[in-house]
Structure formats: C-alpha cells, structure tokens
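**Q** The structure follows.
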Amino acid sequence: MVRGRFAPTPSGPLHMGSLVAALASYLDARRRGGLWLVRIEDVDTTRCKIEFEKAILLELERHGLFWDGEVVRQSKRSEFYVDALLTLAHQNFLYSCSCTRLSLQHRGCEFNALGELVYPGFCRPKSVAGGRGRALSSGFAERFLVEMGDFEFLDEIAGFQFGSVAKDVGDFVVRRADGCFSYHLAVVVDDFLQGINRVVRGADILPLTGRHMVLQRALGFAHPQYAHIPLVFGEDGRKLSKSDSARALSETSAPENLKQALAHLGVPIRLSDHASIDDILRFAQMHYTLS
C-alpha cells in the first residue's frame, strides 16, 4: 500500500508554498488509495515552537486535509536516532569532529552550490578500524563518513538525478555538537520506520536527497520513490517563506487557497465560485497527476 506523508517544520505558520506541498502529497496518496501521514519535524528544538505546530495542524484541517493515524513528532523520537547512530558507528561510518564553520572558513574550505562548506575530512581518522561499537562523542559533532557517495535516481517530476555526495558535500554532520540530530538522519529514520514509500515534497529538498540516499544505503533502508514539486515564488521572484506569506494564507478563505494551490500544481479548476472544500478536493483527486 502507498504510504505518503507531509512533514512540516513548525518554525512558522503554514504558508502557500507549504500548502502546495501538503496538497500534492495528499492527492498523490489518496488517488492511489493509500495512507497520508503527518509528521512534525521539530528535531531542531531551537527553531520550533508549539504554537506554530498547532497553527499548522489547524490550517490543514481547515483546508480539508485530514491525515491518517496519529501525528508523529521528531522531538519524541530521539531513541530511534540514537539507535541509527550506533548502527552507523558499528559499521565504521561515524567519527567525531571538532571543526566549526568559522574554523573551516579560516582554513579555506570551498562552498558548494547550496552555500554550504564542503568538508574535506580534517577530523576523519586515518584508519576507521577498531571503531566498532564505540560510544557516541559528547561535546563534538558526529559526521557520516561518505565512502560510496555516488547516487542516482529517477524523480517523477524532476527526471533523472545523479551526483556525488563525497564531491559536493563531503562527510556531513548527522548530530551536532549541541546534541541536536540532523534533519538528514531524522528524515531517513522516520521515513523507514513509518513505512513511507512515496515522498512528494518541495524542490528545495531535491539537492539534499543524495545525502538521504547514502544514509539509507548505509543503514540498509529501501529508497522511497521521490517526486519534488516546483516551488512557489512571490511577486518579487523569491521563494515564499513563512514570514512572507503566512498572514495572507490565514486571512484567505480555504476554498480560494485550495484553488490557488491547485493552479500551481497545474490542475484547471472547472467549478463554481461557490464550490465547497469537499467539492474542490473531490475534483482535484479526479484530475490531479504528478505530471
């Protein structure tokens, strides 16, 4: 059975770009007779607030996007992320790192296309032998040792994708020095444990997918099918953010928001101006395709 999901970060209210992503994943799962789950990605507790989580869930309900099962919160799943880190450590895929962003800049590290510093392996051990079963470090970051960093996959919207995590990113952090687990680790573990086999999300995550795939490979997890939808941009040409568009979304009627989101997804709305949310969603399920 198809199992899709919407996984917002509660660092602000739901905005139009997020509504488009939620609607795309919802319609994809429902058209295939599958389940649609909601996961709150609040692993970074320094950015996330409970009031934003509540606002996001209320907006989903207001727009008729009702999920299956209970909402899962990453902040309550630390034990699963620790288990994954210990598995990686046992396989010699993990090492401690004391480098900071400032120190890497001072040492002349290059930036990649995403504006991230490419890590050249300053703290990588000369030999990883003997690292099996070691305890996780305290006060240092944990980096994933990228050995087989090449990846390729067919995105249902963006087409054939390929690259090298080793070249474009280097050994990347899976747990920060402050103990916070990385988004990459958490999303890979949660998708596996929740049985997610279709991931429909925004194109801003497409460049990160290679990291997810090498982690899945190291942990022995199957790769879900990916589809990355085009982003929503404002009149100024910038990607919509929570601060830019949250107010407009909350103050606009849900039917109008849905129609605007569907227009972005390429679904022509042939309904009356007085169509209800249920009417719009039924119409969308009949006419929406990822293509």
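Following the order of the structure tokens, first chain is A, next is B, and so on, with residues numbered from 1 inside each chain and ligands from 1 in the order they appear.
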So that I can see what lies close to stretch 71-85 of chain A, please list as a list in words the residues with an atom at most 6 Å from it, counting only C-alpha atoms and leaving out residues fewer than 5 positions away in the same chain.
**A**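 Once the adjacent positions are removed, what remains is Val38, Arg39, Ile40, Glu41, Asp42 and Val43 of chain A.
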**Q** Tell me which protein, DNA and RNA residues are within 12 Å of A:Val173, counting only C-alpha atoms, leaving out same-chain ones fewer than 5 positions away, and put them as an MDAnalysis selection string.
**A** chainID A and resid 85 93:101 116:119 121 123 140:146 178:186 211 215
**Q** Can you write out the residues you just picked, keeping N, CA and C atoms, as a tab-separated table (two decimals), in the first residue's frame?
**A**
```tsv
chain	number	residue	atom	x	y	z
A	85	LEU	N	22.47	6.01	14.88
A	85	LEU	CA	23.86	6.44	15.02
A	85	LEU	C	24.75	5.31	15.50
A	93	PHE	N	31.00	4.03	10.01
A	93	PHE	CA	30.54	5.13	9.16
A	93	PHE	C	30.50	6.45	9.93
A	94	LEU	N	30.98	6.48	11.16
A	94	LEU	CA	30.80	7.65	12.02
A	94	LEU	C	32.13	8.03	12.67
A	95	TYR	N	32.36	9.34	12.80
A	95	TYR	CA	33.52	9.79	13.56
A	95	TYR	C	33.23	11.16	14.16
A	96	SER	N	33.90	11.47	15.24
A	96	SER	CA	33.71	12.74	15.94
A	96	SER	C	34.48	13.85	15.23
A	97	CYS	N	33.93	15.07	15.31
A	97	CYS	CA	34.56	16.21	14.62
A	97	CYS	C	34.48	17.44	15.51
A	98	SER	N	35.59	18.13	15.64
A	98	SER	CA	35.65	19.35	16.46
A	98	SER	C	35.65	20.62	15.62
A	99	CYS	N	35.55	20.47	14.30
A	99	CYS	CA	35.60	21.64	13.42
A	99	CYS	C	34.33	22.48	13.55
A	100	THR	N	34.50	23.77	13.49
A	100	THR	CA	33.37	24.70	13.46
A	100	THR	C	33.30	25.34	12.08
A	101	ARG	N	32.17	25.96	11.79
A	101	ARG	CA	32.01	26.63	10.50
A	101	ARG	C	33.07	27.72	10.34
A	116	GLU	N	26.94	25.79	1.24
A	116	GLU	CA	27.46	25.01	2.35
A	116	GLU	C	28.96	24.79	2.17
A	117	LEU	N	29.67	24.70	3.28
A	117	LEU	CA	31.10	24.40	3.22
A	117	LEU	C	31.30	22.92	2.93
A	118	VAL	N	32.08	22.62	1.92
A	118	VAL	CA	32.40	21.22	1.59
A	118	VAL	C	33.47	20.73	2.56
A	119	TYR	N	33.14	19.68	3.31
A	119	TYR	CA	34.07	19.23	4.36
A	119	TYR	C	35.13	18.30	3.77
A	121	GLY	N	37.43	16.56	5.39
A	121	GLY	CA	37.81	15.43	6.22
A	121	GLY	C	38.95	15.71	7.18
A	123	CYS	N	38.97	15.97	10.38
A	123	CYS	CA	38.93	15.13	11.57
A	123	CYS	C	38.73	13.64	11.23
A	140	PHE	N	31.08	17.04	20.81
A	140	PHE	CA	31.59	17.12	19.45
A	140	PHE	C	30.50	16.70	18.47
A	141	ALA	N	30.63	17.17	17.25
A	141	ALA	CA	29.70	16.74	16.21
A	141	ALA	C	30.06	15.31	15.78
A	142	GLU	N	29.06	14.62	15.26
A	142	GLU	CA	29.28	13.30	14.66
A	142	GLU	C	29.08	13.44	13.15
A	143	ARG	N	30.08	13.04	12.39
A	143	ARG	CA	29.99	13.12	10.93
A	143	ARG	C	29.84	11.73	10.32
A	144	PHE	N	29.06	11.68	9.23
A	144	PHE	CA	28.91	10.45	8.47
A	144	PHE	C	30.04	10.37	7.46
A	145	LEU	N	30.79	9.28	7.51
A	145	LEU	CA	31.92	9.08	6.62
A	145	LEU	C	31.40	8.61	5.25
A	146	VAL	N	31.52	9.49	4.27
A	146	VAL	CA	30.98	9.19	2.94
A	146	VAL	C	32.04	8.44	2.13
A	178	ASP	N	25.90	20.24	19.85
A	178	ASP	CA	24.98	20.51	20.95
A	178	ASP	C	24.02	19.34	21.21
A	179	GLY	N	24.21	18.24	20.47
A	179	GLY	CA	23.38	17.05	20.68
A	179	GLY	C	22.17	16.97	19.78
A	180	CYS	N	21.91	18.00	18.98
A	180	CYS	CA	20.74	18.01	18.10
A	180	CYS	C	21.01	17.12	16.88
A	181	PHE	N	20.07	16.23	16.58
A	181	PHE	CA	20.21	15.35	15.43
A	181	PHE	C	19.96	16.13	14.15
A	182	SER	N	20.64	15.75	13.10
A	182	SER	CA	20.48	16.45	11.83
A	182	SER	C	19.16	16.09	11.17
A	183	TYR	N	18.68	16.99	10.32
A	183	TYR	CA	17.48	16.73	9.53
A	183	TYR	C	17.67	15.48	8.68
A	184	HIS	N	18.85	15.33	8.10
A	184	HIS	CA	19.10	14.21	7.19
A	184	HIS	C	18.93	12.87	7.90
A	185	LEU	N	19.49	12.75	9.08
A	185	LEU	CA	19.36	11.49	9.82
A	185	LEU	C	17.92	11.25	10.22
A	186	ALA	N	17.27	12.26	10.78
A	186	ALA	CA	15.91	12.10	11.30
A	186	ALA	C	14.93	11.73	10.20
A	211	ARG	N	22.15	12.90	-0.01
A	211	ARG	CA	22.59	12.58	1.35
A	211	ARG	C	21.66	11.56	1.99
A	215	LEU	N	22.71	7.63	3.24
A	215	LEU	CA	22.39	7.18	4.59
A	215	LEU	C	21.48	5.95	4.55
```
**Q** Against stretch 23-32 of chain A, which residues of stretch 52-159 of chain A fall within 12 Å? For each one I want the closest pair of atoms and the distance in Å (one decimal), counting only C-alpha atoms, rows by chain and increasing residue number, as a tab-separated table.
**A**
```
residue	atom	partner	partner_atom	distance
A:Glu59	CA	A:Leu23	CA	11.9
A:Leu60	CA	A:Leu23	CA	9.3
A:Glu61	CA	A:Leu23	CA	11.8
A:His63	CA	A:Leu23	CA	9.3
A:Gly64	CA	A:Leu23	CA	9.8
A:Leu65	CA	A:Tyr26	CA	7.2
A:Phe66	CA	A:Tyr26	CA	8.8
A:Trp67	CA	A:Tyr26	CA	8.4
A:Asp68	CA	A:Tyr26	CA	10.6
A:Glu156	CA	A:Asp28	CA	11.6
A:Ile157	CA	A:Ala24	CA	11.8
```
**Q** For each of A:Arg201, A:Val189, A:Pro268, A:Leu136, take the minimum atom-to-atom distance to A:Pro8, counting only C-alpha atoms, then give the residue where this is smallest.
**A**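 For A:Pro8, the nearest of the candidates is A:Arg201.
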**Q** Based on DSSP run over this structure's backbone, return all residues of stretch 104-287 of chain A in alpha helix (DSSP H), as JSON, numbers by chain.
**A** {"A": [104, 105, 106, 165, 166, 167, 168, 183, 184, 185, 186, 187, 188, 189, 190, 191, 192, 193, 209, 210, 211, 212, 213, 214, 215, 216, 217, 218, 219, 242, 243, 244, 245, 246, 247, 248, 249, 250, 254, 255, 256, 257, 258, 259, 260, 261, 262, 263, 264, 277, 278, 279, 280, 281, 282, 283, 284, 285, 286, 287]}
**Q** Let me make sure I understand: among A:Ile277, A:Ile229, A:Ile269, A:Arg175, which one has the smallest atom-to-atom distance to A:Gly159 if we use only C-alpha atoms?
**A**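 Closest candidate: A:Ile229.
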